file query-v3.txt (compact mmCIF, C-alpha atoms)
# COMPACT_ATOMS: atom_id res chain seq x y z
CA MET J 449 94.84 124.31 116.58
CA ASN J 450 93.66 123.04 119.94
CA LYS J 451 95.92 122.74 122.98
CA ARG J 452 96.02 118.95 123.01
CA LEU J 453 97.08 118.78 119.38
CA THR J 454 99.71 121.45 119.93
CA ALA J 455 101.10 119.57 122.94
CA ALA J 456 101.19 116.34 120.98
CA LEU J 457 103.05 117.99 118.10
CA LEU J 458 105.56 119.58 120.47
CA SER J 459 106.16 116.20 122.12
CA LEU J 460 106.69 114.62 118.72
CA LEU J 461 109.15 117.34 117.73
CA LEU J 462 111.06 116.87 120.98
CA ILE J 463 111.30 113.10 120.49
CA CYS J 464 112.45 113.55 116.87
CA SER J 465 115.12 116.07 117.82
CA LEU J 466 116.40 113.80 120.59
CA LEU J 467 116.65 110.85 118.25
CA LEU J 468 118.34 112.78 115.49
CA SER J 469 120.77 114.61 117.77
CA ALA J 470 122.33 111.44 119.15
CA CYS J 471 125.57 110.33 117.46
CA GLY J 472 125.72 113.28 115.08
CA GLY J 473 122.38 112.92 113.38
CA ASP J 474 121.97 109.20 113.75
CA LEU J 475 118.77 107.50 114.74
CA VAL J 476 119.80 105.84 117.97
CA SER J 477 117.94 104.81 121.08
CA PRO J 478 119.61 101.85 122.77
CA SER J 479 117.20 100.26 125.17
CA GLN J 480 116.71 96.53 125.11
CA PRO J 481 119.19 93.90 126.28
CA ASP J 482 121.07 92.30 123.42
CA ASN J 483 122.10 88.99 124.91
CA GLN J 484 120.96 86.47 127.46
CA ASN J 485 122.92 88.20 130.22
CA GLY J 486 120.71 91.24 129.78
CA ASN J 487 123.54 93.45 128.57
CA VAL J 488 123.32 95.95 125.75
CA ILE J 489 126.07 95.35 123.19
CA ALA J 490 127.02 98.83 122.07
CA SER J 491 128.93 97.94 118.91
CA VAL J 492 130.38 95.09 116.90
CA LYS J 493 133.69 95.23 118.79
CA ASP J 494 131.81 94.28 121.98
CA VAL J 495 130.17 91.17 120.51
CA PRO J 496 130.80 88.02 122.59
CA LYS J 497 132.42 84.94 121.07
CA PHE J 498 130.18 82.53 119.20
CA ASP J 499 128.67 80.13 121.76
CA GLY J 500 127.93 77.35 119.28
CA LYS J 501 124.17 77.78 119.32
CA THR J 502 123.24 81.45 118.88
CA PRO J 503 123.40 82.54 115.22
CA PHE J 504 123.16 86.29 115.93
CA VAL J 505 123.11 88.87 118.70
CA ALA J 506 121.43 92.26 118.75
CA ILE J 507 123.58 95.38 118.68
CA ASN J 508 122.74 98.75 120.21
CA GLY J 509 119.40 97.57 121.55
CA ASN J 510 118.43 96.47 118.04
CA GLN J 511 118.45 100.10 116.88
CA PRO J 512 120.19 100.66 113.52
CA VAL J 513 122.46 103.65 113.06
CA PHE J 514 121.36 105.58 110.00
CA THR J 515 121.33 109.28 109.23
CA GLU J 516 118.15 111.10 108.38
CA GLN J 517 119.51 111.71 104.87
CA GLN J 518 119.74 107.97 104.26
CA LEU J 519 116.06 107.39 104.99
CA LYS J 520 114.75 107.77 101.45
CA THR J 521 111.56 106.53 99.91
CA LYS J 522 113.16 105.97 96.52
CA SER J 523 114.67 102.56 95.93
CA TYR J 524 118.37 102.19 95.22
CA GLU J 525 121.20 99.76 95.82
CA LYS J 526 124.92 100.36 96.23
CA TYR J 527 127.75 97.91 96.59
CA GLU J 528 131.00 99.49 97.72
CA ARG J 529 134.39 98.62 96.21
CA LEU J 530 136.42 95.68 97.39
CA ASP J 531 139.29 96.58 99.70
CA TYR J 532 142.99 96.13 98.88
CA LEU J 533 142.79 92.44 99.79
CA GLY J 534 139.81 91.89 97.51
CA ARG J 535 137.34 91.68 100.40
CA CYS J 536 133.79 92.98 100.36
CA THR J 537 133.24 96.18 102.31
CA VAL J 538 129.60 97.21 102.61
CA ALA J 539 126.34 96.97 100.70
CA ILE J 540 123.39 99.28 101.25
CA ALA J 541 119.99 99.54 99.64
CA VAL J 542 116.63 101.12 100.02
CA VAL J 543 114.56 98.08 99.17
CA GLY J 544 111.30 98.60 97.34
CA THR J 545 109.14 96.40 95.18
CA ASP J 546 110.48 98.13 92.05
CA ILE J 547 113.98 96.66 92.49
CA MET J 548 112.97 93.23 93.75
CA PRO J 549 113.69 90.38 91.33
CA THR J 550 111.12 89.24 88.82
CA GLU J 551 113.17 86.33 87.51
CA ASP J 552 114.79 83.27 89.06
CA ARG J 553 118.29 83.59 90.44
CA GLY J 554 121.15 83.17 87.99
CA SER J 555 124.48 81.41 88.48
CA ILE J 556 126.91 82.94 90.97
CA GLY J 557 129.54 80.22 90.74
CA SER J 558 131.89 82.42 88.73
CA VAL J 559 132.62 84.56 91.79
CA LYS J 560 135.28 83.29 94.17
CA PRO J 561 135.15 85.47 97.28
CA THR J 562 138.13 85.75 99.61
CA GLY J 563 138.62 82.76 101.90
CA TRP J 564 136.73 80.48 99.54
CA HIS J 565 137.19 76.72 99.92
CA THR J 566 135.01 73.95 98.60
CA VAL J 567 134.77 71.68 101.61
CA LYS J 568 132.14 69.25 102.85
CA TYR J 569 131.26 67.91 106.29
CA ASP J 570 128.53 65.43 107.16
CA ILE J 571 127.41 67.54 110.10
CA VAL J 572 126.62 70.53 107.89
CA ASP J 573 123.14 70.93 106.44
CA GLY J 574 123.64 70.34 102.72
CA LYS J 575 127.22 69.13 103.46
CA TYR J 576 129.02 72.17 102.05
CA LEU J 577 130.58 74.30 104.78
CA TYR J 578 130.74 77.45 102.69
CA ASN J 579 128.16 79.21 100.58
CA ARG J 580 128.56 82.29 98.45
CA CYS J 581 126.57 84.55 100.74
CA HIS J 582 124.87 87.60 99.28
CA LEU J 583 125.30 90.64 101.50
CA ILE J 584 122.00 92.01 100.21
CA GLY J 585 120.00 88.86 99.55
CA PHE J 586 118.91 88.03 96.02
CA GLN J 587 115.24 88.14 96.99
CA LEU J 588 115.61 91.82 97.92
CA THR J 589 117.49 93.38 95.02
CA GLY J 590 117.88 90.59 92.47
CA GLU J 591 121.66 90.90 92.41
CA ASN J 592 123.39 87.85 90.95
CA ALA J 593 127.13 87.38 90.42
CA ASN J 594 128.34 90.70 91.82
CA GLU J 595 131.70 90.24 93.54
CA ARG J 596 131.01 93.27 95.70
CA ASN J 597 127.96 91.55 97.14
CA LEU J 598 129.23 88.02 97.77
CA ILE J 599 131.30 86.79 100.68
CA THR J 600 132.41 83.35 101.79
CA GLY J 601 129.94 82.47 104.49
CA THR J 602 129.17 79.30 106.38
CA ARG J 603 125.93 77.47 105.73
CA TYR J 604 124.94 78.40 109.28
CA LEU J 605 125.49 82.11 108.62
CA ASN J 606 123.54 81.92 105.39
CA ILE J 607 120.53 79.98 106.66
CA GLU J 608 120.31 80.77 110.37
CA GLY J 609 121.99 84.17 110.51
CA MET J 610 120.97 86.07 107.39
CA LEU J 611 118.04 84.45 105.57
CA PRO J 612 115.49 85.02 108.37
CA PHE J 613 116.14 88.77 108.28
CA GLU J 614 115.93 88.88 104.50
CA ASN J 615 112.61 87.02 104.66
CA MET J 616 111.26 89.52 107.17
CA ILE J 617 112.18 92.50 104.98
CA ALA J 618 110.95 90.88 101.76
CA ASP J 619 107.52 90.06 103.19
CA TYR J 620 107.11 93.51 104.69
CA VAL J 621 107.98 95.28 101.43
CA LYS J 622 105.73 93.06 99.35
CA GLU J 623 102.78 93.48 101.71
CA THR J 624 103.04 97.23 102.28
CA ASP J 625 104.78 98.55 99.15
CA ASN J 626 106.85 100.59 101.63
CA HIS J 627 110.65 100.88 101.60
CA VAL J 628 113.28 99.45 103.93
CA LEU J 629 116.74 100.91 104.33
CA TYR J 630 119.05 97.91 104.66
CA ARG J 631 122.80 97.82 105.17
CA VAL J 632 125.03 94.77 105.47
CA THR J 633 128.63 95.15 106.64
CA PRO J 634 131.05 92.22 106.80
CA TYR J 635 133.77 92.38 109.45
CA PHE J 636 137.27 91.04 108.82
CA GLU J 637 139.87 91.02 111.57
CA ASP J 638 143.25 92.35 110.46
CA LYS J 639 144.17 90.72 107.16
CA ASN J 640 141.84 87.74 107.53
CA LEU J 641 140.33 86.55 104.27
CA LEU J 642 137.22 85.18 105.93
CA ALA J 643 134.77 87.53 107.63
CA SER J 644 134.19 86.90 111.33
CA GLY J 645 130.58 87.93 110.86
CA VAL J 646 128.23 90.44 109.30
CA GLN J 647 126.26 93.30 110.74
CA LEU J 648 122.69 93.64 109.45
CA GLU J 649 120.83 96.90 109.99
CA ALA J 650 117.35 97.70 108.70
CA TYR J 651 114.68 100.34 109.17
CA SER J 652 111.33 100.72 107.45
CA VAL J 653 111.13 104.26 106.14
CA GLU J 654 107.48 105.22 105.68
CA ASP J 655 106.36 104.02 109.12
CA ASN J 656 109.48 105.11 111.02
CA GLY J 657 110.62 101.61 111.90
CA GLU J 658 107.30 100.32 113.14
CA GLY J 659 107.38 97.47 110.64
CA ILE J 660 111.09 96.71 110.42
CA CYS J 661 113.79 97.77 112.84
CA PHE J 662 116.85 95.74 113.74
CA ASN J 663 120.58 95.88 114.20
CA VAL J 664 122.24 92.50 114.65
CA TYR J 665 125.59 90.79 114.24
CA ALA J 666 125.45 87.32 112.68
CA TYR J 667 128.39 84.99 113.25
CA ASN J 668 130.23 83.49 110.29
CA ALA J 669 130.63 80.24 112.17
CA GLN J 670 129.50 76.65 111.93
CA PRO J 671 128.73 74.54 115.01
CA GLY J 672 131.14 71.60 115.23
CA VAL J 673 133.68 73.08 112.82
CA ILE J 674 136.82 75.00 113.68
CA ILE J 675 137.65 77.71 111.16
CA ASP J 676 140.90 79.54 110.53
CA TYR J 677 139.63 82.99 109.62
CA ARG J 678 142.98 84.03 108.21
CA THR J 679 142.60 81.65 105.28
CA GLY J 680 139.17 80.01 105.50
CA GLU J 681 140.68 76.59 106.14
CA SER J 682 138.68 74.41 108.50
CA ARG J 683 138.52 71.14 110.41
CA LEU J 684 136.07 69.26 112.56
CA GLU J 685 136.19 69.80 116.28
CA LYS J 686 137.97 66.99 118.11
CA ALA J 687 136.11 63.72 117.80
CA ASP J 688 135.54 63.47 121.54
CA ASN J 689 133.81 66.82 121.50
CA VAL J 690 131.49 66.01 118.64
CA SER J 691 130.93 62.30 119.03
CA SER J 692 127.21 62.85 119.37
CA ASP J 693 127.22 64.77 116.11
CA THR J 694 129.09 62.25 114.03
CA GLU J 695 127.46 59.00 115.16
CA LYS J 696 123.90 58.08 114.29
CA ARG J 697 121.94 57.23 117.41
CA GLU J 698 118.42 56.25 118.24
CA TYR J 699 116.22 59.06 119.47
CA VAL J 700 112.54 59.37 120.31
CA VAL J 701 110.99 62.44 118.77
CA ASN J 702 107.83 64.17 119.95
CA ILE J 703 106.50 65.66 116.72
CA SER J 704 104.00 67.75 118.65
CA SER J 705 106.32 69.39 121.19
CA GLY J 706 109.36 69.48 118.92
CA LYS J 707 111.55 67.81 121.59
CA PHE J 708 113.74 64.74 121.19
CA HIS J 709 114.76 62.26 123.89
CA LEU J 710 116.99 59.30 124.57
CA PRO J 711 114.94 56.08 124.32
CA ASP J 712 115.18 55.43 128.08
CA CYS J 713 114.17 58.95 129.11
CA SER J 714 111.25 58.95 131.54
CA GLY J 715 109.64 61.73 129.49
CA VAL J 716 109.10 59.30 126.61
CA LYS J 717 106.33 57.51 128.51
CA SER J 718 104.12 60.59 128.54
CA ILE J 719 104.29 61.16 124.77
CA LYS J 720 101.03 60.36 123.04
CA PRO J 721 101.44 57.47 120.58
CA GLN J 722 100.37 59.58 117.61
CA ASN J 723 103.10 62.12 118.43
CA LYS J 724 105.90 59.60 119.09
CA LYS J 725 108.43 58.67 116.43
CA THR J 726 111.65 56.70 116.84
CA VAL J 727 114.47 57.65 114.51
CA LYS J 728 118.12 56.74 114.03
CA THR J 729 119.96 59.82 112.91
CA LEU J 730 122.59 62.41 113.70
CA ARG J 731 121.83 64.71 116.61
CA SER J 732 122.71 67.65 114.36
CA ASN J 733 120.07 66.55 111.84
CA LEU J 734 117.39 66.85 114.49
CA ILE J 735 118.69 70.24 115.61
CA SER J 736 118.83 71.56 112.06
CA ASN J 737 115.24 70.42 111.55
CA GLY J 738 114.10 72.54 114.45
CA TYR J 739 113.92 69.90 117.19
CA GLN J 740 115.21 70.70 120.68
CA PRO J 741 116.91 68.29 123.08
CA CYS J 742 114.96 67.30 126.17
CA LYS J 743 116.33 69.14 129.18
CA GLN J 744 115.84 66.08 131.37
CA CYS J 745 117.84 63.43 129.49
CA ASN J 746 119.98 65.93 127.55
CA PRO J 747 120.45 63.70 124.48
CA MET P 1418 87.14 82.03 123.03
CA THR P 1419 89.19 81.39 119.93
CA VAL P 1420 92.76 82.65 119.81
CA ILE P 1421 94.43 83.15 116.44
CA ILE P 1422 98.22 83.35 116.09
CA CYS P 1423 100.83 83.25 113.32
CA LEU P 1424 104.06 81.27 113.73
CA ASP P 1425 107.22 80.73 111.75
CA ASP P 1426 108.71 77.30 111.16
CA LYS P 1427 110.36 77.29 114.57
CA ASN P 1428 107.30 78.46 116.48
CA GLY P 1429 108.59 82.04 116.59
CA ILE P 1430 105.92 84.73 116.89
CA ALA P 1431 107.78 88.07 117.17
CA PHE P 1432 111.13 89.78 117.00
CA ASN P 1433 112.15 93.06 118.61
CA GLY P 1434 108.55 93.84 119.50
CA ARG P 1435 107.37 93.45 115.93
CA ARG P 1436 105.48 90.83 113.96
CA GLN P 1437 107.66 88.52 111.94
CA SER P 1438 105.50 88.61 108.86
CA ARG P 1439 102.10 89.47 107.51
CA ASP P 1440 99.94 88.46 104.57
CA ARG P 1441 96.75 90.15 103.44
CA VAL P 1442 95.23 86.81 102.51
CA VAL P 1443 95.55 85.71 106.14
CA SER P 1444 93.97 88.95 107.37
CA GLU P 1445 91.02 88.49 105.03
CA ARG P 1446 90.66 84.86 106.06
CA ILE P 1447 90.59 85.79 109.74
CA VAL P 1448 87.86 88.35 109.14
CA ASP P 1449 85.83 85.77 107.24
CA LEU P 1450 86.11 83.05 109.84
CA SER P 1451 85.24 85.35 112.73
CA LYS P 1452 81.94 86.43 111.26
CA GLY P 1453 79.28 85.64 113.79
CA GLY P 1454 81.45 86.69 116.72
CA LYS P 1455 83.55 89.67 117.72
CA LEU P 1456 87.10 89.87 116.34
CA PHE P 1457 89.31 91.42 119.03
CA MET P 1458 92.84 92.76 118.59
CA ASN P 1459 95.09 95.52 119.89
CA GLU P 1460 95.95 98.80 118.16
CA TYR P 1461 99.16 97.43 116.69
CA SER P 1462 97.35 94.58 114.93
CA ALA P 1463 94.43 96.71 113.81
CA LYS P 1464 96.61 98.39 111.18
CA ILE P 1465 96.79 95.23 109.07
CA PHE P 1466 93.02 94.70 109.00
CA GLN P 1467 90.85 96.69 106.64
CA SER P 1468 87.60 95.41 108.10
CA ASP P 1469 85.32 97.69 110.12
CA LEU P 1470 84.09 94.68 112.03
CA LYS P 1471 87.18 94.44 114.26
CA VAL P 1472 87.08 95.45 117.92
CA VAL P 1473 90.26 97.30 118.93
CA ASP P 1474 91.12 97.16 122.60
CA ASN P 1475 94.56 96.77 124.17
CA ASP P 1476 93.03 94.71 126.98
CA PHE P 1477 91.06 92.48 124.65
CA LEU P 1478 92.07 89.15 126.14
CA THR P 1479 90.50 90.11 129.44
CA LYS P 1480 87.32 91.37 127.81
CA ALA P 1481 86.77 88.63 125.22
CA GLU P 1482 84.05 86.12 126.02
CA ALA P 1483 83.08 82.67 124.82
CA GLY P 1484 82.39 82.79 121.10
CA ASP P 1485 84.71 85.72 120.49
CA PHE P 1486 87.87 85.66 118.38
CA CYS P 1487 91.19 87.17 119.52
CA PHE P 1488 94.05 87.83 117.12
CA CYS P 1489 97.34 87.86 119.06
CA GLU P 1490 100.76 88.85 117.72
CA ASP P 1491 102.67 88.17 120.93
CA ASP P 1492 102.60 85.61 123.73
CA SER P 1493 100.20 87.50 126.01
CA PHE P 1494 97.48 84.92 125.39
CA LEU P 1495 99.46 82.40 127.45
CA LEU P 1496 98.04 84.05 130.57
CA TYR P 1497 94.53 83.13 129.43
CA LEU P 1498 94.96 79.47 128.47
CA GLY P 1499 91.99 78.50 130.65
CA LYS P 1500 89.67 80.64 128.54
CA ILE P 1501 90.84 79.32 125.20
CA THR P 1502 88.56 76.71 123.70
CA ARG P 1503 90.02 76.85 120.22
CA LEU P 1504 93.43 77.81 118.88
CA ILE P 1505 93.96 78.65 115.22
CA VAL P 1506 97.55 78.74 114.02
CA TYR P 1507 98.71 80.15 110.70
CA ARG P 1508 102.15 78.82 109.85
CA TRP P 1509 104.22 80.90 107.46
CA ASN P 1510 106.43 77.91 106.55
CA LYS P 1511 109.44 80.19 106.51
CA ALA P 1512 112.10 81.21 109.03
CA TYR P 1513 112.25 84.67 110.54
CA PRO P 1514 114.28 86.15 113.37
CA ARG P 1515 112.56 85.45 116.68
CA ASP P 1516 112.96 86.43 120.29
CA LYS P 1517 109.48 85.34 121.32
CA VAL P 1518 108.68 81.70 120.74
CA ILE P 1519 105.48 79.82 121.56
CA ASN P 1520 106.43 76.67 123.40
CA ALA P 1521 104.73 73.64 121.91
CA ASP P 1522 103.33 72.87 125.38
CA VAL P 1523 100.54 75.30 124.55
CA PHE P 1524 99.07 72.64 122.26
CA TYR P 1525 98.98 70.00 125.02
CA GLY P 1526 95.47 68.95 125.88
CA LYS P 1527 94.19 70.11 122.52
CA THR P 1528 93.65 67.95 119.47
CA ILE P 1529 94.24 69.09 115.95
CA LYS P 1530 90.86 69.21 114.21
CA SER P 1531 91.90 70.39 110.77
CA ARG P 1532 94.92 71.39 108.73
CA CYS P 1533 94.96 72.93 105.28
CA ASP P 1534 97.37 74.81 103.04
CA PHE P 1535 96.62 77.85 100.93
CA VAL P 1536 98.56 80.37 98.87
CA GLY P 1537 99.11 83.80 100.38
CA ASN P 1538 99.86 87.14 98.80
CA SER P 1539 103.57 87.14 99.68
CA HIS P 1540 103.85 83.54 100.89
CA GLU P 1541 103.95 80.49 98.65
CA ARG P 1542 102.30 78.24 101.22
CA ILE P 1543 100.56 79.07 104.45
CA THR P 1544 99.20 76.33 106.68
CA GLU P 1545 96.10 76.78 108.80
CA GLU P 1546 95.81 74.48 111.82
CA VAL P 1547 92.82 74.37 114.14
CA TYR P 1548 93.20 72.93 117.64
CA GLU P 1549 90.35 72.30 120.05
call {"tool": "encode", "arguments": {"input": "query-v3.txt", "output": "structure tokens"}}
result
Amino acid sequence: MNKRLTAALLSLLLICSLLLSACGGDLVSPSQPDNQNGNVIASVKDVPKFDGKTPFVAINGNQPVFTEQQLKTKSYEKYERLDYLGRCTVAIAVVGTDIMPTEDRGSIGSVKPTGWHTVKYDIVDGKYLYNRCHLIGFQLTGENANERNLITGTRYLNIEGMLPFENMIADYVKETDNHVLYRVTPYFEDKNLLASGVQLEAYSVEDNGEGICFNVYAYNAQPGVIIDYRTGESRLEKADNVSSDTEKREYVVNISSGKFHLPDCSGVKSIKPQNKKTVKTLRSNLISNGYQPCKQCNP
Amino acid sequence: MTVIICLDDKNGIAFNGRRQSRDRVVSERIVDLSKGGKLFMNEYSAKIFQSDLKVVDNDFLTKAEAGDFCFCEDDSFLLYLGKITRLIVYRWNKAYPRDKVINADVFYGKTIKSRCDFVGNSHERITEEVYE
């Protein structure tokens, strides 16, 4: 064995031992800032309050905390027992193509997770505030009406907070035939029936996290809606705070830049005719369709 | 030069230093369309291309010349906008987590020349857009 190869192997061994020695055998290397202030959020208890526009924040520099023993290349899924209040606890899986669904999703309406309410608001995409949120998404393990895998989650949590991560894992597994260790943990404060949020941790096994590596906390919140997490009851924010979200107004949309403006905004003049569209709609509809408010006229 | 990027449905391009998605059909398509020129990419991207025709260089955007193709999986190409004569965007038509987003301003001054949809390996619908 030549000297360069030996040195490289020794360096690799050193790095591995450092990673595995932190936190009692956990793979941890906090490094990157987790929020816009540039701070690393060490754990879920340090997560800032929901700011109304950020669906998730990174935890621990986006490094998941798994033990070496958990990093298996054989698929499995495990849904832990409900707690004494009937709340979900944790779901973990090594996701591989062999346990991904091959059939369409079945009905999950028979499960009524804690904090469940059927309630509709116009400002919510699809109207319904709450969805039955899979902890481990159906597209990953094909789990249907399993009460240990379903929590009451807002539409915003489901679509903006969790689905993007599930999509990322699903594509990676399908394209590589590798495995991803994935754990989802809902957090309930005290005896609350509605989770405050969920922690999502994932790590691609065969390539040591090169493909998939994240650790985030997604808020179980809905912009414009105030939620009582003890019971799951909810109400709209005060009308004066959400007037722009409940009244249809005229906006000018730039379909090329993805920005929207008030009709009298000076920026409207510079939009090319083929990219300009005038619409009368809710501000929240534009936001939920991916458009961003112009920073100049702040519609 | 031609720059090729992949975006999610909110113009996201990467999350936590990693690509949001991949699809072997897109990789094959990129190899096909770059025949006749050099296909540049960095070491990270090279792993998802089987072709021997690729040129792997971590400083490829500096070295690429007119007629060459550059596959970028981050926003580093924004420093070379003056060199870009054509931009090809593959849209996954799905949402992924993102902490790097390509501002739509990058398309200013360019006109869309073609748009077509095709089926990927792990994606139901991928859209190819060509801007010049």
call {"tool": "closest_residue", "arguments": {"input": "query-v3.txt", "among": "P:Ser1451, P:Ser1438, P:Asn1428, P:Asn1433", "to": "Ala618 in chain J", "atoms": "only C-alpha atoms"}}
result
P:Ser1438
call {"tool": "atom_distance", "arguments": {"input": "query-v3.txt", "atom1": "CA of Pro747 in chain J", "atom2": "CA of Ser732 in chain J"}}
result
11.1 Å
call {"tool": "interface_residues", "arguments": {"input": "query-v3.txt", "of": "chain J", "to": "chain P", "cutoff": "7 Å", "atoms": "all atoms listed in the file", "output": "MDAnalysis selection string"}}
result
chainID J and resid 612:613 615:616 619:620 622:623 659 704:706 738
call {"tool": "closest_residue", "arguments": {"input": "query-v3.txt", "among": "J:Arg580, J:Lys522, J:His565, J:Arg731", "to": "Gly672 in chain J", "atoms": "all atoms listed in the file"}}
result
J:Arg731
call {"tool": "closest_residue", "arguments": {"input": "query-v3.txt", "among": "J:Glu608, J:Val542, J:Ile719, J:Arg631", "to": "Gly1526 in chain P", "atoms": "only C-alpha atoms"}}
result
J:Ile719
call {"tool": "residues_around", "arguments": {"input": "query-v3.txt", "residues": "Ile1529 in chain P", "least_positions_apart": "4", "cutoff": "12 Å", "atoms": "all atoms listed in the file", "output": "ChimeraX atom specification"}}
result
/J:704,722-723 /P:1503-1506,1524-1525,1533,1545-1549
call {"tool": "atom_distance", "arguments": {"input": "query-v3.txt", "atom1": "CA of Val701 in chain J", "atom2": "CA of Tyr604 in chain J"}}
result
23.2 Å
